[in-house]
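Down below is the structure, laid out as structure tokens.
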Amino acid sequence: MARIVIVEDDDAIGGRLAETLRAQGHDCDWCPDGAAALVRAGQGPAELVLLDLGLPDADGFELCRSLRERLPGAVIVVLTARIGEMDVIQGLESGADDYLTKPFRLAELQARIAAHLRRAEPAREGGPGRIRHGSLVIDRTARRCLTPTGEVKLRPKEFDLLVRLAASAGRVVSREDLMSDVWDENWFGSTKTLDVHVAALRHKLGEWVRITTLRHFGYRLESPGEG
């Protein structure tokens, strides 16, 4: 069903994840450390990476950045015992798309994985084509964001968030709807994930689009000439 890379040094956790996901039909590679993960990343693409930050041979945040460069199309889900908000933000800014704190319920992780893969499926199957927003062209089939000066590289969840906002351009989308539609309808916990991804879109696309914040409610995508 999907190529999944598990980066986990705990034998009990890594083994259980690999066994469960393989039983569901996924092609899983279990890497017990950062070095093995980098070797795997050089061997071909993957749809999803489960990344433990607490590895014996690598800084988890640096490894996340390296995996993001080597596997640009993969969704990276961080699995971590670090529950501090700054750790979460740093993980997201390092290239992760989602995070789950330890200890976690296997059923919840399975639901997250299924949601991420389900949202990527329309693009792999050739779903609805292009969205034009001012000078910006969002190619859903190829998952590319094009501007008059060239392509802007977006992480998987940055792209999904842009598509969701562009689909409601000129209208406010609530935080709850964005979290449900882009991440997980059963999401619970901090929504700082959303804010970090909005900040990334503003940084990368600020010349071509404007995202307005409606405090305590949500966001609205506007072209530079609007508002």
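Letters A, B, ... mark the chains of the structure tokens in the order given; residue numbers begin at 1 per chain; ligand numbers begin at 1, in order shown.
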
Just want the 12 Å neighbourhood of Asp87 in chain A, counted on only C-alpha atoms, with same-chain residues fewer than 4 positions away dropped. Output as a list in words. Leu53, Gly54, Gly60, Phe61, Val78, Leu79, Thr80, Ala81, Arg82, Ile83, Gly91, Leu92, Glu93, Ser94, Ala96, Tyr99, Leu100, Thr101, Lys192 and Thr193 of chain A

Keeping only N, CA, C and O atoms, write those residues as a PDB file, in the first residue's frame.
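Output saved as again_35.pdb:
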ATOM      1  N   LEU A  53      12.821  11.055  17.805  1.00  0.00           N
ATOM      2  CA  LEU A  53      13.836  12.097  17.949  1.00  0.00           C
ATOM      3  C   LEU A  53      14.990  11.669  18.844  1.00  0.00           C
ATOM      4  O   LEU A  53      16.105  12.183  18.724  1.00  0.00           O
ATOM      5  N   GLY A  54      14.759  10.749  19.758  1.00  0.00           N
ATOM      6  CA  GLY A  54      15.775  10.374  20.733  1.00  0.00           C
ATOM      7  C   GLY A  54      16.626   9.208  20.271  1.00  0.00           C
ATOM      8  O   GLY A  54      16.539   8.104  20.815  1.00  0.00           O
ATOM      9  N   GLY A  60      17.986  14.415  16.657  1.00  0.00           N
ATOM     10  CA  GLY A  60      16.737  14.153  15.958  1.00  0.00           C
ATOM     11  C   GLY A  60      16.298  15.267  15.037  1.00  0.00           C
ATOM     12  O   GLY A  60      15.781  15.013  13.942  1.00  0.00           O
ATOM     13  N   PHE A  61      16.509  16.508  15.446  1.00  0.00           N
ATOM     14  CA  PHE A  61      16.095  17.637  14.618  1.00  0.00           C
ATOM     15  C   PHE A  61      16.946  17.729  13.351  1.00  0.00           C
ATOM     16  O   PHE A  61      16.439  17.985  12.258  1.00  0.00           O
ATOM     17  N   VAL A  78       6.784  12.750  13.580  1.00  0.00           N
ATOM     18  CA  VAL A  78       7.728  12.633  14.687  1.00  0.00           C
ATOM     19  C   VAL A  78       7.072  11.887  15.836  1.00  0.00           C
ATOM     20  O   VAL A  78       5.932  12.186  16.215  1.00  0.00           O
ATOM     21  N   LEU A  79       7.775  10.906  16.380  1.00  0.00           N
ATOM     22  CA  LEU A  79       7.347  10.196  17.582  1.00  0.00           C
ATOM     23  C   LEU A  79       8.330  10.580  18.680  1.00  0.00           C
ATOM     24  O   LEU A  79       9.523  10.297  18.560  1.00  0.00           O
ATOM     25  N   THR A  80       7.869  11.225  19.732  1.00  0.00           N
ATOM     26  CA  THR A  80       8.796  11.768  20.707  1.00  0.00           C
ATOM     27  C   THR A  80       8.228  11.752  22.123  1.00  0.00           C
ATOM     28  O   THR A  80       7.019  11.851  22.314  1.00  0.00           O
ATOM     29  N   ALA A  81       9.136  11.634  23.078  1.00  0.00           N
ATOM     30  CA  ALA A  81       8.750  11.752  24.489  1.00  0.00           C
ATOM     31  C   ALA A  81       8.847  13.197  24.948  1.00  0.00           C
ATOM     32  O   ALA A  81       8.477  13.515  26.079  1.00  0.00           O
ATOM     33  N   ARG A  82       9.333  14.070  24.074  1.00  0.00           N
ATOM     34  CA  ARG A  82       9.474  15.483  24.414  1.00  0.00           C
ATOM     35  C   ARG A  82       8.128  16.180  24.215  1.00  0.00           C
ATOM     36  O   ARG A  82       7.647  16.273  23.092  1.00  0.00           O
ATOM     37  N   ILE A  83       7.569  16.674  25.295  1.00  0.00           N
ATOM     38  CA  ILE A  83       6.218  17.226  25.218  1.00  0.00           C
ATOM     39  C   ILE A  83       6.207  18.753  25.304  1.00  0.00           C
ATOM     40  O   ILE A  83       5.153  19.375  25.216  1.00  0.00           O
ATOM     41  N   GLY A  91      10.609  20.684  16.087  1.00  0.00           N
ATOM     42  CA  GLY A  91      10.431  19.523  15.232  1.00  0.00           C
ATOM     43  C   GLY A  91       9.712  19.868  13.940  1.00  0.00           C
ATOM     44  O   GLY A  91      10.112  19.453  12.847  1.00  0.00           O
ATOM     45  N   LEU A  92       8.670  20.659  14.040  1.00  0.00           N
ATOM     46  CA  LEU A  92       7.916  21.064  12.855  1.00  0.00           C
ATOM     47  C   LEU A  92       8.757  21.945  11.943  1.00  0.00           C
ATOM     48  O   LEU A  92       8.729  21.811  10.717  1.00  0.00           O
ATOM     49  N   GLU A  93       9.529  22.844  12.547  1.00  0.00           N
ATOM     50  CA  GLU A  93      10.374  23.723  11.752  1.00  0.00           C
ATOM     51  C   GLU A  93      11.545  22.976  11.138  1.00  0.00           C
ATOM     52  O   GLU A  93      12.163  23.467  10.198  1.00  0.00           O
ATOM     53  N   SER A  94      11.853  21.804  11.665  1.00  0.00           N
ATOM     54  CA  SER A  94      12.930  20.987  11.102  1.00  0.00           C
ATOM     55  C   SER A  94      12.467  20.171   9.897  1.00  0.00           C
ATOM     56  O   SER A  94      13.278  19.511   9.249  1.00  0.00           O
ATOM     57  N   ALA A  96       9.186  18.304   9.951  1.00  0.00           N
ATOM     58  CA  ALA A  96       8.122  17.339  10.235  1.00  0.00           C
ATOM     59  C   ALA A  96       6.759  17.903   9.842  1.00  0.00           C
ATOM     60  O   ALA A  96       6.544  19.115   9.842  1.00  0.00           O
ATOM     61  N   TYR A  99       3.243  15.239  14.573  1.00  0.00           N
ATOM     62  CA  TYR A  99       3.973  14.694  15.710  1.00  0.00           C
ATOM     63  C   TYR A  99       3.010  13.946  16.626  1.00  0.00           C
ATOM     64  O   TYR A  99       1.818  14.225  16.672  1.00  0.00           O
ATOM     65  N   LEU A 100       3.564  12.988  17.344  1.00  0.00           N
ATOM     66  CA  LEU A 100       2.783  12.217  18.297  1.00  0.00           C
ATOM     67  C   LEU A 100       3.683  11.958  19.490  1.00  0.00           C
ATOM     68  O   LEU A 100       4.815  11.493  19.336  1.00  0.00           O
ATOM     69  N   THR A 101       3.204  12.291  20.686  1.00  0.00           N
ATOM     70  CA  THR A 101       4.037  12.151  21.874  1.00  0.00           C
ATOM     71  C   THR A 101       3.912  10.752  22.470  1.00  0.00           C
ATOM     72  O   THR A 101       2.852  10.128  22.429  1.00  0.00           O
ATOM     73  N   LYS A 192      -0.522  24.263  17.470  1.00  0.00           N
ATOM     74  CA  LYS A 192       0.665  25.011  17.063  1.00  0.00           C
ATOM     75  C   LYS A 192       1.194  24.503  15.731  1.00  0.00           C
ATOM     76  O   LYS A 192       1.831  25.231  14.982  1.00  0.00           O
ATOM     77  N   THR A 193       0.903  23.254  15.442  1.00  0.00           N
ATOM     78  CA  THR A 193       1.256  22.677  14.142  1.00  0.00           C
ATOM     79  C   THR A 193       0.744  23.555  13.013  1.00  0.00           C
ATOM     80  O   THR A 193       1.457  23.840  12.050  1.00  0.00           O
TER      81      THR A 193
END

Near Val182 in chain A, counting only C-alpha atoms, which residues have an atom at most 7 Å away, once you skip same-chain residues fewer than 3 positions from it, shown as a list in words? Asp160, Leu161, Leu178 and Met179 of chain A

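Each of A:Pro103, A:Thr191, A:Gln110, A:Phe159 was checked against Ala18 in chain A using only C-alpha atoms; the smallest atom-to-atom distance is that of A:Gln110.
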
I'd like the contact shell of Leu136 in chain A - 10 Å cut-off, only C-alpha atoms, skipping same-chain residues fewer than 6 positions apart - returned as a ChimeraX atom specification. /A:145-148,151-152,205,208-209,223

List the spatial neighbours of Leu162 in chain A as a PDB file with N, CA and C atoms, in the first residue's frame - criterion: any atom at most 8 Å away, only C-alpha atoms, same-chain residues fewer than 4 positions off excluded.
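That gives us result_27.pdb:
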ATOM      1  N   GLU A 158       2.442  21.500   3.989  1.00  0.00           N
ATOM      2  CA  GLU A 158       2.359  22.883   3.519  1.00  0.00           C
ATOM      3  C   GLU A 158       1.530  22.930   2.237  1.00  0.00           C
ATOM      4  N   ALA A 166      -6.717  27.734  -0.552  1.00  0.00           N
ATOM      5  CA  ALA A 166      -7.026  28.223  -1.895  1.00  0.00           C
ATOM      6  C   ALA A 166      -8.422  27.803  -2.335  1.00  0.00           C
ATOM      7  N   LEU A 201       4.315  28.956   4.968  1.00  0.00           N
ATOM      8  CA  LEU A 201       3.717  29.391   3.706  1.00  0.00           C
ATOM      9  C   LEU A 201       3.915  30.882   3.491  1.00  0.00           C
TER      10      LEU A 201
END

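Shortest atom-to-atom contact with Arg210 in chain A among A:Arg118, A:His133, A:Arg105, A:Arg3: A:His133, counting only C-alpha atoms.
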
Interatomic distance (Å, one decimal) between CA of Gly150 in chain A and CA of Lys204 in chain A: 12.2 Å

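What separates CA of Ala12 in chain A from CA of Ile113 in chain A is a distance of 19.4 Å.
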
Residues near Asp29 in chain A, anyone? I mean within 7 Å using only C-alpha atoms, not counting same-chain ones fewer than 3 positions away, as a short mmCIF file (atom, residue, chain, number, x, y, z; two decimals) with N, CA, C and O atoms, in the first residue's frame.
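Output contents, as saved in result_16.cif:
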data_model
loop_
_atom_site.label_atom_id
_atom_site.label_comp_id
_atom_site.auth_asym_id
_atom_site.auth_seq_id
_atom_site.Cartn_x
_atom_site.Cartn_y
_atom_site.Cartn_z
N ILE A 4 6.91 2.80 3.90
CA ILE A 4 7.04 3.49 5.19
C ILE A 4 8.40 3.19 5.80
O ILE A 4 8.84 2.04 5.82
N VAL A 5 9.06 4.25 6.27
CA VAL A 5 10.35 4.11 6.94
C VAL A 5 10.14 4.38 8.42
O VAL A 5 9.60 5.42 8.81
N ILE A 6 10.54 3.43 9.26
CA ILE A 6 10.44 3.57 10.71
C ILE A 6 11.84 3.82 11.26
O ILE A 6 12.74 3.00 11.05
#
